[in-house]
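Q: Below is the file start31.txt, which contains compact mmCIF, C-alpha atoms.
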# COMPACT_ATOMS: atom_id res chain seq x y z
CA MET A 1 -62.38 -80.86 17.99
CA VAL A 2 -59.56 -79.58 20.16
CA PHE A 3 -57.62 -78.64 17.02
CA ILE A 4 -60.61 -76.68 15.66
CA ASN A 5 -61.02 -74.81 18.98
CA VAL A 6 -57.33 -73.88 18.98
CA ILE A 7 -57.62 -72.48 15.43
CA GLY A 8 -60.76 -70.53 16.40
CA GLU A 9 -59.03 -68.97 19.41
CA ALA A 10 -56.00 -68.08 17.27
CA LEU A 11 -58.19 -66.35 14.67
CA THR A 12 -60.02 -64.50 17.44
CA MET A 13 -56.73 -63.24 18.89
CA ILE A 14 -55.54 -62.13 15.43
CA THR A 15 -58.76 -60.14 15.00
CA ILE A 16 -58.38 -58.55 18.45
CA ARG A 17 -54.77 -57.64 17.76
CA SER A 18 -55.80 -56.14 14.41
CA LEU A 19 -58.40 -53.95 16.11
CA ILE A 20 -55.88 -52.80 18.69
CA ALA A 21 -53.33 -52.00 15.98
CA MET A 22 -55.91 -50.17 13.86
CA GLY A 23 -57.13 -48.05 16.77
CA ILE A 24 -53.73 -47.08 18.12
CA GLY A 25 -52.23 -46.74 14.63
CA ALA A 26 -54.99 -44.39 13.53
CA LEU A 27 -54.52 -42.25 16.64
CA ILE A 28 -50.77 -42.01 16.00
CA ALA A 29 -51.38 -41.12 12.35
CA SER A 30 -53.88 -38.39 13.25
CA THR A 31 -51.45 -36.71 15.63
CA SER A 32 -48.26 -37.30 13.62
CA GLY A 33 -45.95 -34.29 13.65
CA PHE A 34 -47.64 -32.63 16.61
CA ALA A 35 -48.30 -34.80 19.63
CA PHE A 36 -45.04 -36.69 19.18
CA ALA A 37 -42.84 -33.76 18.12
CA LEU A 38 -40.74 -31.68 20.47
CA PRO A 39 -42.95 -29.09 22.19
CA PHE A 40 -42.94 -25.53 20.95
CA THR A 41 -41.41 -23.45 23.75
CA PRO A 42 -40.89 -19.78 22.80
CA ILE A 43 -38.67 -17.72 25.10
CA MET A 44 -39.31 -14.11 26.12
CA ASP A 45 -36.53 -11.99 27.64
CA GLU A 46 -38.36 -8.78 28.48
CA PHE A 47 -41.78 -7.14 28.43
CA ARG A 48 -41.92 -3.39 29.00
CA ILE A 49 -44.18 -0.37 28.51
CA THR A 50 -43.21 3.28 28.10
CA LYS A 51 -45.45 6.31 28.46
CA GLY A 52 -44.11 9.56 27.07
CA PRO A 53 -40.38 9.63 27.81
CA ALA A 54 -40.63 7.36 30.87
CA GLU A 55 -40.63 3.61 31.27
CA ILE A 56 -43.62 2.75 33.47
CA PHE A 57 -43.33 -1.05 33.48
CA ASN A 58 -40.55 -3.59 32.97
CA ASP A 59 -40.78 -7.32 33.52
CA SER A 60 -37.31 -8.77 33.02
CA PHE A 61 -38.45 -12.21 34.27
CA ALA A 62 -35.74 -12.31 36.90
CA ASP A 63 -37.62 -13.23 40.09
CA GLY A 64 -38.23 -16.87 39.17
CA VAL A 65 -42.02 -16.65 39.58
CA VAL A 66 -44.03 -17.10 36.39
CA PRO A 67 -47.04 -14.94 35.40
CA PRO A 68 -49.60 -13.96 36.52
CA SER A 69 -46.96 -12.77 39.01
CA GLY A 70 -44.76 -9.87 37.99
CA PRO A 71 -43.40 -6.48 39.05
CA ASP A 72 -46.84 -5.30 40.22
CA GLY A 73 -47.27 -8.29 42.53
CA ALA A 74 -48.91 -11.71 42.43
CA ALA A 75 -51.70 -10.48 40.15
CA THR A 76 -49.70 -8.37 37.71
CA TYR A 77 -51.36 -9.97 34.70
CA PHE A 78 -54.86 -10.97 33.65
CA GLY A 79 -55.29 -13.61 30.98
CA VAL A 80 -55.70 -17.27 30.10
CA GLY A 81 -53.50 -20.33 29.81
CA PHE A 82 -51.15 -19.58 32.70
CA ASP A 83 -50.38 -23.31 32.94
CA GLY A 84 -48.47 -22.68 29.72
CA MET A 85 -46.11 -20.26 31.48
CA THR A 86 -43.75 -23.09 32.32
CA SER A 87 -40.58 -21.56 33.75
CA GLU A 88 -38.87 -18.29 34.62
CA SER A 89 -35.14 -18.26 35.22
CA GLY A 90 -31.99 -16.50 34.11
CA GLY A 91 -33.93 -13.45 32.98
CA SER A 92 -36.15 -15.39 30.56
CA LEU A 93 -39.72 -16.67 30.52
CA THR A 94 -40.31 -19.98 28.75
CA MET A 95 -43.84 -20.60 27.47
CA THR A 96 -45.31 -23.92 26.39
CA PRO A 97 -48.58 -22.88 24.75
CA SER A 98 -49.74 -26.46 24.16
CA LEU A 99 -50.22 -26.56 27.95
CA GLY A 100 -52.28 -23.36 27.85
CA ASP A 101 -56.03 -23.02 27.38
CA PRO A 102 -57.90 -24.04 24.22
CA THR A 103 -58.93 -20.83 22.46
CA GLY A 104 -60.15 -22.00 19.05
CA LEU A 105 -60.58 -24.83 16.57
CA ILE A 106 -58.80 -24.97 13.20
CA GLY A 107 -60.09 -27.97 11.25
CA THR A 108 -58.94 -31.04 13.18
CA PHE A 109 -56.59 -28.98 15.35
CA ALA A 110 -57.30 -27.10 18.57
CA GLU A 111 -55.50 -23.81 19.15
CA HIS A 112 -54.05 -23.51 22.64
CA SER A 113 -52.80 -20.18 23.98
CA THR A 114 -51.10 -18.36 26.79
CA VAL A 115 -52.22 -14.73 27.14
CA ALA A 116 -51.06 -12.19 29.74
CA SER A 117 -52.29 -8.57 29.79
CA ARG A 118 -51.09 -6.07 32.37
CA LEU A 119 -53.87 -5.08 34.75
CA LEU A 120 -52.95 -1.53 35.82
CA ALA A 121 -54.19 0.47 32.86
CA THR A 122 -57.87 1.42 33.23
CA ASN A 123 -57.92 4.23 35.84
CA PRO A 124 -57.38 7.73 34.36
CA ASP A 125 -55.88 8.89 37.67
CA ASN A 126 -53.25 6.14 37.54
CA PRO A 127 -49.88 6.95 35.89
CA ASN A 128 -50.13 3.58 34.13
CA PHE A 129 -53.22 4.72 32.21
CA LEU A 130 -52.77 4.49 28.42
CA GLY A 131 -55.43 6.82 27.04
CA VAL A 132 -55.97 8.62 23.76
CA ASP A 133 -53.91 11.58 24.97
CA SER A 134 -50.98 9.32 25.87
CA ALA A 135 -47.90 8.63 23.80
CA PHE A 136 -46.82 5.09 24.62
CA SER A 137 -45.13 1.96 23.35
CA ILE A 138 -45.44 -1.74 24.22
CA HIS A 139 -42.27 -3.81 23.76
CA GLY A 140 -41.64 -7.55 23.79
CA LEU A 141 -38.12 -8.97 23.37
CA PHE A 142 -38.02 -12.62 22.28
CA ASP A 143 -35.25 -15.13 21.69
CA MET A 144 -34.96 -16.51 18.15
CA SER A 145 -33.59 -19.90 19.18
CA ASN A 146 -37.00 -21.58 19.35
CA LEU A 147 -39.09 -20.64 16.33
CA PRO A 148 -42.47 -21.84 15.05
CA MET A 149 -42.26 -25.19 13.26
CA VAL A 150 -45.77 -25.24 11.76
CA THR A 151 -48.47 -22.72 10.89
CA GLY A 152 -50.45 -21.98 14.03
CA GLN A 153 -47.47 -21.68 16.36
CA SER A 154 -46.57 -18.11 17.30
CA PHE A 155 -45.31 -15.69 19.93
CA GLY A 156 -45.91 -11.97 20.19
CA ILE A 157 -47.34 -8.92 21.93
CA ARG A 158 -50.83 -7.45 22.03
CA ALA A 159 -52.79 -4.29 22.70
CA THR A 160 -56.40 -4.69 23.81
CA ASP A 161 -59.29 -2.56 25.05
CA ARG A 162 -60.81 -5.53 26.90
CA ALA A 163 -61.09 -5.27 30.67
CA LEU A 164 -63.28 -8.16 31.74
CA GLY A 165 -62.46 -7.60 35.40
CA ILE A 166 -64.46 -4.35 35.37
CA GLY A 167 -67.21 -5.60 33.08
CA ASN A 168 -65.92 -4.32 29.74
CA GLU A 169 -66.03 -6.92 26.97
CA GLY A 170 -64.10 -4.60 24.65
CA ASP A 171 -64.12 -4.86 20.88
CA ASP A 172 -60.53 -4.61 19.60
CA THR A 173 -57.28 -6.46 20.06
CA TYR A 174 -54.20 -6.13 17.86
CA VAL A 175 -51.58 -8.87 17.94
CA LEU A 176 -48.07 -8.40 16.53
CA PHE A 177 -46.37 -11.78 16.35
CA VAL A 178 -43.76 -14.08 14.84
CA GLY A 179 -45.27 -17.10 13.09
CA MET A 180 -44.99 -19.37 10.07
CA ASN A 181 -46.92 -18.72 6.86
CA LEU A 182 -48.32 -21.31 4.43
CA ASP A 183 -45.04 -21.24 2.47
CA SER A 184 -43.19 -22.33 5.64
CA ASP A 185 -41.46 -18.94 5.95
CA ILE A 186 -40.97 -17.32 9.35
CA VAL A 187 -42.79 -13.98 9.26
CA VAL A 188 -43.55 -10.98 11.43
CA ALA A 189 -47.30 -10.57 11.16
CA LEU A 190 -50.13 -8.35 12.39
CA ARG A 191 -53.68 -9.47 13.18
CA HIS A 192 -56.83 -7.70 14.36
CA VAL A 193 -59.48 -9.42 16.47
CA ASN A 194 -62.94 -7.84 16.59
CA PHE A 195 -64.82 -9.18 19.61
CA VAL A 196 -68.15 -7.70 18.47
CA THR A 197 -68.25 -9.57 15.18
CA ASP A 198 -66.04 -12.41 16.53
CA VAL A 199 -63.80 -12.11 13.46
CA SER A 200 -60.00 -12.43 13.41
CA THR A 201 -58.43 -10.68 10.41
CA PRO A 202 -54.81 -10.96 9.21
CA LEU A 203 -53.62 -7.49 8.23
CA ASP A 204 -50.01 -7.74 7.08
CA ALA A 205 -46.94 -10.01 7.19
CA PHE A 206 -43.27 -9.70 6.30
CA SER A 207 -40.90 -12.63 5.80
CA ILE A 208 -37.66 -12.65 7.80
CA GLN A 209 -36.71 -16.15 6.63
CA SER A 210 -33.51 -15.06 4.88
CA LEU A 211 -32.23 -13.40 8.06
CA LEU A 212 -32.68 -16.38 10.37
CA PRO A 213 -29.13 -17.83 10.11
CA THR A 214 -27.66 -14.89 12.05
CA ALA A 215 -30.74 -13.72 13.97
CA GLY A 216 -30.49 -13.72 17.77
CA LYS A 217 -33.43 -11.76 19.17
CA ILE A 218 -36.43 -9.85 17.92
CA GLU A 219 -38.16 -6.88 19.53
CA LEU A 220 -41.85 -6.40 18.68
CA ILE A 221 -43.34 -2.93 19.26
CA LEU A 222 -46.88 -1.53 19.31
CA SER A 223 -46.88 2.25 19.78
CA LYS A 224 -49.10 5.32 19.60
CA ALA A 225 -48.49 9.05 19.33
CA ALA A 226 -50.08 11.50 21.78
CA GLY A 227 -53.61 12.43 20.73
CA ALA A 228 -53.77 9.74 18.05
CA SER A 229 -56.32 6.93 18.13
CA ASN A 230 -54.41 4.56 15.86
CA LEU A 231 -51.58 2.18 16.70
CA LEU A 232 -48.31 1.66 14.86
CA ALA A 233 -46.62 -1.75 14.61
CA SER A 234 -42.89 -2.33 14.10
CA TYR A 235 -40.05 -4.74 14.80
CA VAL A 236 -36.28 -4.73 15.30
CA LEU A 237 -34.29 -7.88 14.54
CA TYR A 238 -30.90 -8.26 16.23
CA ASP A 239 -28.00 -10.55 15.35
CA ASN A 240 -26.74 -13.32 17.63
CA ASN A 241 -23.49 -11.64 18.73
CA VAL A 242 -22.66 -11.04 22.39
CA SER A 243 -23.09 -7.32 21.73
CA PRO A 244 -25.96 -7.48 19.25
CA THR A 245 -26.41 -5.06 16.41
CA ILE A 246 -29.50 -4.45 14.29
CA LEU A 247 -29.95 -6.87 11.40
CA ASP A 248 -33.22 -5.41 10.18
CA ALA A 249 -36.02 -3.11 11.26
CA GLY A 250 -39.32 -2.16 9.74
CA SER A 251 -43.00 -1.39 10.14
CA ILE A 252 -45.90 -3.80 9.75
CA GLY A 253 -49.28 -2.66 8.49
CA SER A 254 -48.07 0.76 7.36
CA GLY A 255 -50.82 2.56 5.52
CA LEU A 256 -53.51 0.73 7.49
CA THR A 257 -55.71 2.37 10.10
CA LEU A 258 -55.18 0.44 13.32
CA GLY A 259 -57.99 2.04 15.31
CA ILE A 260 -58.45 0.76 18.84
CA TYR A 261 -60.23 3.51 20.79
CA SER A 262 -63.96 3.16 20.18
CA GLY A 263 -65.82 4.09 23.34
CA GLU A 264 -63.00 3.19 25.71
CA ASP A 265 -60.22 5.55 26.71
CA TYR A 266 -57.65 2.94 27.67
CA ILE A 267 -55.85 -0.12 26.42
CA ARG A 268 -53.80 -2.85 28.06
CA GLY A 269 -50.48 -4.13 26.81
CA GLY A 270 -49.67 -7.82 26.95
CA PHE A 271 -47.96 -10.80 25.36
CA GLN A 272 -49.00 -14.25 24.20
CA SER A 273 -48.04 -17.51 22.50
CA THR A 274 -50.03 -20.11 20.56
CA ASP A 275 -49.70 -23.73 19.50
CA ILE A 276 -51.97 -26.25 17.80
CA VAL A 277 -52.81 -29.67 19.17
CA ALA A 278 -54.23 -32.45 17.02
CA VAL A 279 -57.78 -33.51 17.87
CA PRO A 280 -58.57 -37.12 16.86
CA GLU A 281 -61.58 -37.39 14.54
CA PRO A 282 -64.61 -39.40 15.77
CA ALA A 283 -63.70 -42.34 13.51
CA THR A 284 -60.23 -42.44 15.03
CA LEU A 285 -61.65 -42.39 18.53
CA ALA A 286 -64.04 -45.20 17.59
CA LEU A 287 -61.16 -47.32 16.30
CA LEU A 288 -59.18 -46.61 19.44
CA GLY A 289 -62.20 -47.60 21.49
CA LEU A 290 -62.43 -50.89 19.62
CA GLY A 291 -58.75 -51.47 20.20
CA LEU A 292 -59.04 -50.80 23.92
CA ALA A 293 -62.15 -52.97 24.10
CA GLY A 294 -60.21 -55.71 22.37
CA MET A 295 -57.42 -55.41 24.92
CA THR A 296 -59.97 -55.70 27.74
CA PHE A 297 -61.61 -58.72 26.08
CA ALA A 298 -58.24 -60.36 25.61
CA ARG A 299 -57.39 -59.87 29.28
CA LYS A 300 -60.72 -61.37 30.34
CA ARG A 301 -60.20 -64.43 28.13
CA LYS A 302 -56.75 -64.90 29.56
CA THR A 303 -58.09 -64.57 33.09
CA HIS A 304 -60.73 -67.22 32.48
CA ALA A 305 -58.52 -69.57 30.44
Let me see whether you can do it: turn the structure in this file into structure tokens.
A:
Amino acid sequence: MVFINVIGEALTMITIRSLIAMGIGALIASTSGFAFALPFTPIMDEFRITKGPAEIFNDSFADGVVPPSGPDGAATYFGVGFDGMTSESGGSLTMTPSLGDPTGLIGTFAEHSTVASRLLATNPDNPNFLGVDSAFSIHGLFDMSNLPMVTGQSFGIRATDRALGIGNEGDDTYVLFVGMNLDSDIVVALRHVNFVTDVSTPLDAFSIQSLLPTAGKIELILSKAAGASNLLASYVLYDNNVSPTILDAGSIGSGLTLGIYSGEDYIRGGFQSTDIVAVPEPATLALLGLGLAGMTFARKRKTHA
């Protein structure tokens, strides 16, 4: 009888261990390549805005205080995911978008983002105002040493007519960014987000994959001519020399109408980064729950042995 009880307990423990292994193993499998990979940490060296011939804003990330702080004070920027603005030192801002806010769901992956838009841009009497009559450009300079590793990771700049702080939901945002396409090429891409229809539309992309071996930095630019209502998108890719020279330059979305003024007479410039985080499916969570329950049961049996 004792022998039979020992065998029964052994079989029970094997079953418990199997449940634990299945639950934890399934969780690891569902997050393979993301949760256990090195974090995606894009680096930005400068964010600046010009209006006409003058530079009206320049954040060189030199004061050691991460956004929303900046040259305009502690509330320079409005946005989301500021927990993903992880460090500012040596004239560079490091972002870890996986620590930012969830902003969407792509299949079994959650998109997390950091977004910072400059606040001083909505008062026509303010020299920072970027209206239809203004000629301006929004610049973001990024380091090329930490590039997207999967589709869904990106860094870039944005122009938006949203001003939630004064009650305007806005309807248009254009994002010019570096990302990875479905062929695993690094691309410069342009996307339009319509907040009325809640639709995000890819507009254009250009592969820079062949230039990566000698690429050092990339400057992304959204600009507008005086009196125009449409934006222009372009990039300049620099080599990795101490005194960099231009490797490549070009426009993105040429021939497209990038209209952004539709009832508002201002836009805000900003920058952002994105990452994707695996979300375990319900079945995986159930298996993990069984595994954890098994661990609890095993501890109780040991306690009462």
Q: Can you work out which one of A:Ile221, A:Met95, A:Leu182, A:Ala74 has the shortest atom-to-atom distance to A:Leu141, counting all atoms listed in the file?
A: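 Smallest distance to A:Leu141 is found for A:Ile221.
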Q: Can you report as AutoDock Vina command-line options the centre and edge lengths in Å, to one decimal, of an axis-aligned box around the listed atoms of stretch 145-158 of chain A padded with 8 Å on each side?
A:
--center_x -42.2 --center_y -16.3 --center_z 16.5 --size_x 33.2 --size_y 33.8 --size_z 27.1
Q: Between atom CA of A:Leu147 and atom CA of A:Asp172, what is the spacing in Å?
A: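 Those two atoms sit 27.0 Å apart.
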Q: Considering all atoms listed in the file, return as a ChimeraX atom specification whatever protein or nucleic-acid residues lie within 7 Å of A:Glu46, sequence-local ones (same chain, fewer than 4 positions apart) excluded.
A: /A:59-61,140-141
Q: Would you work out the distance separating atom CA of A:Phe195 from atom CA of A:Tyr261, expressed in Å to one decimal?
A: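 Taking atom CA of A:Phe195 as the start and atom CA of A:Tyr261 as the end point, the length is 13.5 Å.
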Q: Neighbourhood query: residues within 10 Å of (-32.1, -15.6, 14.2), file coordinates, counting all atoms listed in the file; return as a PyMOL selection string.
A: chain A and resi 143-147+208-218+237-240+247
Q: Counting only C-alpha atoms, which of A:Ser200, A:Arg48, A:Gly253, A:Val175 gets nearest to A:Pro71?
A: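 Among the listed residues, the smallest separation from A:Pro71 belongs to A:Arg48.
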Q: List the spatial neighbours of A:Ser254 as an MDAnalysis selection string - criterion: any atom at most 9 Å away, only C-alpha atoms, same-chain residues fewer than 3 positions off excluded.
A: chainID A and resid 204 232:233 251 257
Q: For those residues, write C-alpha atoms to a file as a tab-separated table (two decimals), in the coordinates of the input.
A:
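Resulting contents of result36.tsv:
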chain	number	residue	atom	x	y	z
A	204	ASP	CA	-50.01	-7.74	7.08
A	232	LEU	CA	-48.31	1.66	14.86
A	233	ALA	CA	-46.62	-1.75	14.61
A	251	SER	CA	-43.00	-1.39	10.14
A	257	THR	CA	-55.71	2.37	10.10
Q: Pick out the closest residue to A:Val199 from this set: A:Thr76, A:Thr151, A:Asp171, A:Asp161. Count only C-alpha atoms.
A: A:Asp171
Q: Pull the neighbourhood of (-63.7, 4.0, 21.0) for me: all residues within 10 Å in file coordinates, counting only C-alpha atoms, as a tab-separated table (two decimals) with C-alpha atoms, in the coordinates of the input.
A:
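Saved the output as part02.tsv:
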chain	number	residue	atom	x	y	z
A	132	VAL	CA	-55.97	8.62	23.76
A	161	ASP	CA	-59.29	-2.56	25.05
A	170	GLY	CA	-64.10	-4.60	24.65
A	171	ASP	CA	-64.12	-4.86	20.88
A	172	ASP	CA	-60.53	-4.61	19.60
A	229	SER	CA	-56.32	6.93	18.13
A	259	GLY	CA	-57.99	2.04	15.31
A	260	ILE	CA	-58.45	0.76	18.84
A	261	TYR	CA	-60.23	3.51	20.79
A	262	SER	CA	-63.96	3.16	20.18
A	263	GLY	CA	-65.82	4.09	23.34
A	264	GLU	CA	-63.00	3.19	25.71
A	265	ASP	CA	-60.22	5.55	26.71
A	266	TYR	CA	-57.65	2.94	27.67
Q: Quick one, how far is atom CA of A:Pro97 from atom CA of A:Ser223?
A: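 About the pair atom CA of A:Pro97 and atom CA of A:Ser223: they are 25.7 Å apart.
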Q: Tell me which of A:Thr108, A:Thr201, A:Asn128, A:Thr86 sits closest to A:Gly52, counting all atoms listed in the file.
A: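 Looking at the shortest contact to A:Gly52, the residue is A:Asn128.
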Q: I need the residue nearest A:Leu99 from this list: A:Ser234, A:Thr122, A:Thr173, A:Thr41. Use only C-alpha atoms for the distance.
A: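 Going through A:Ser234, A:Thr122, A:Thr173, A:Thr41 one by one, the smallest distance to A:Leu99 is for A:Thr41.
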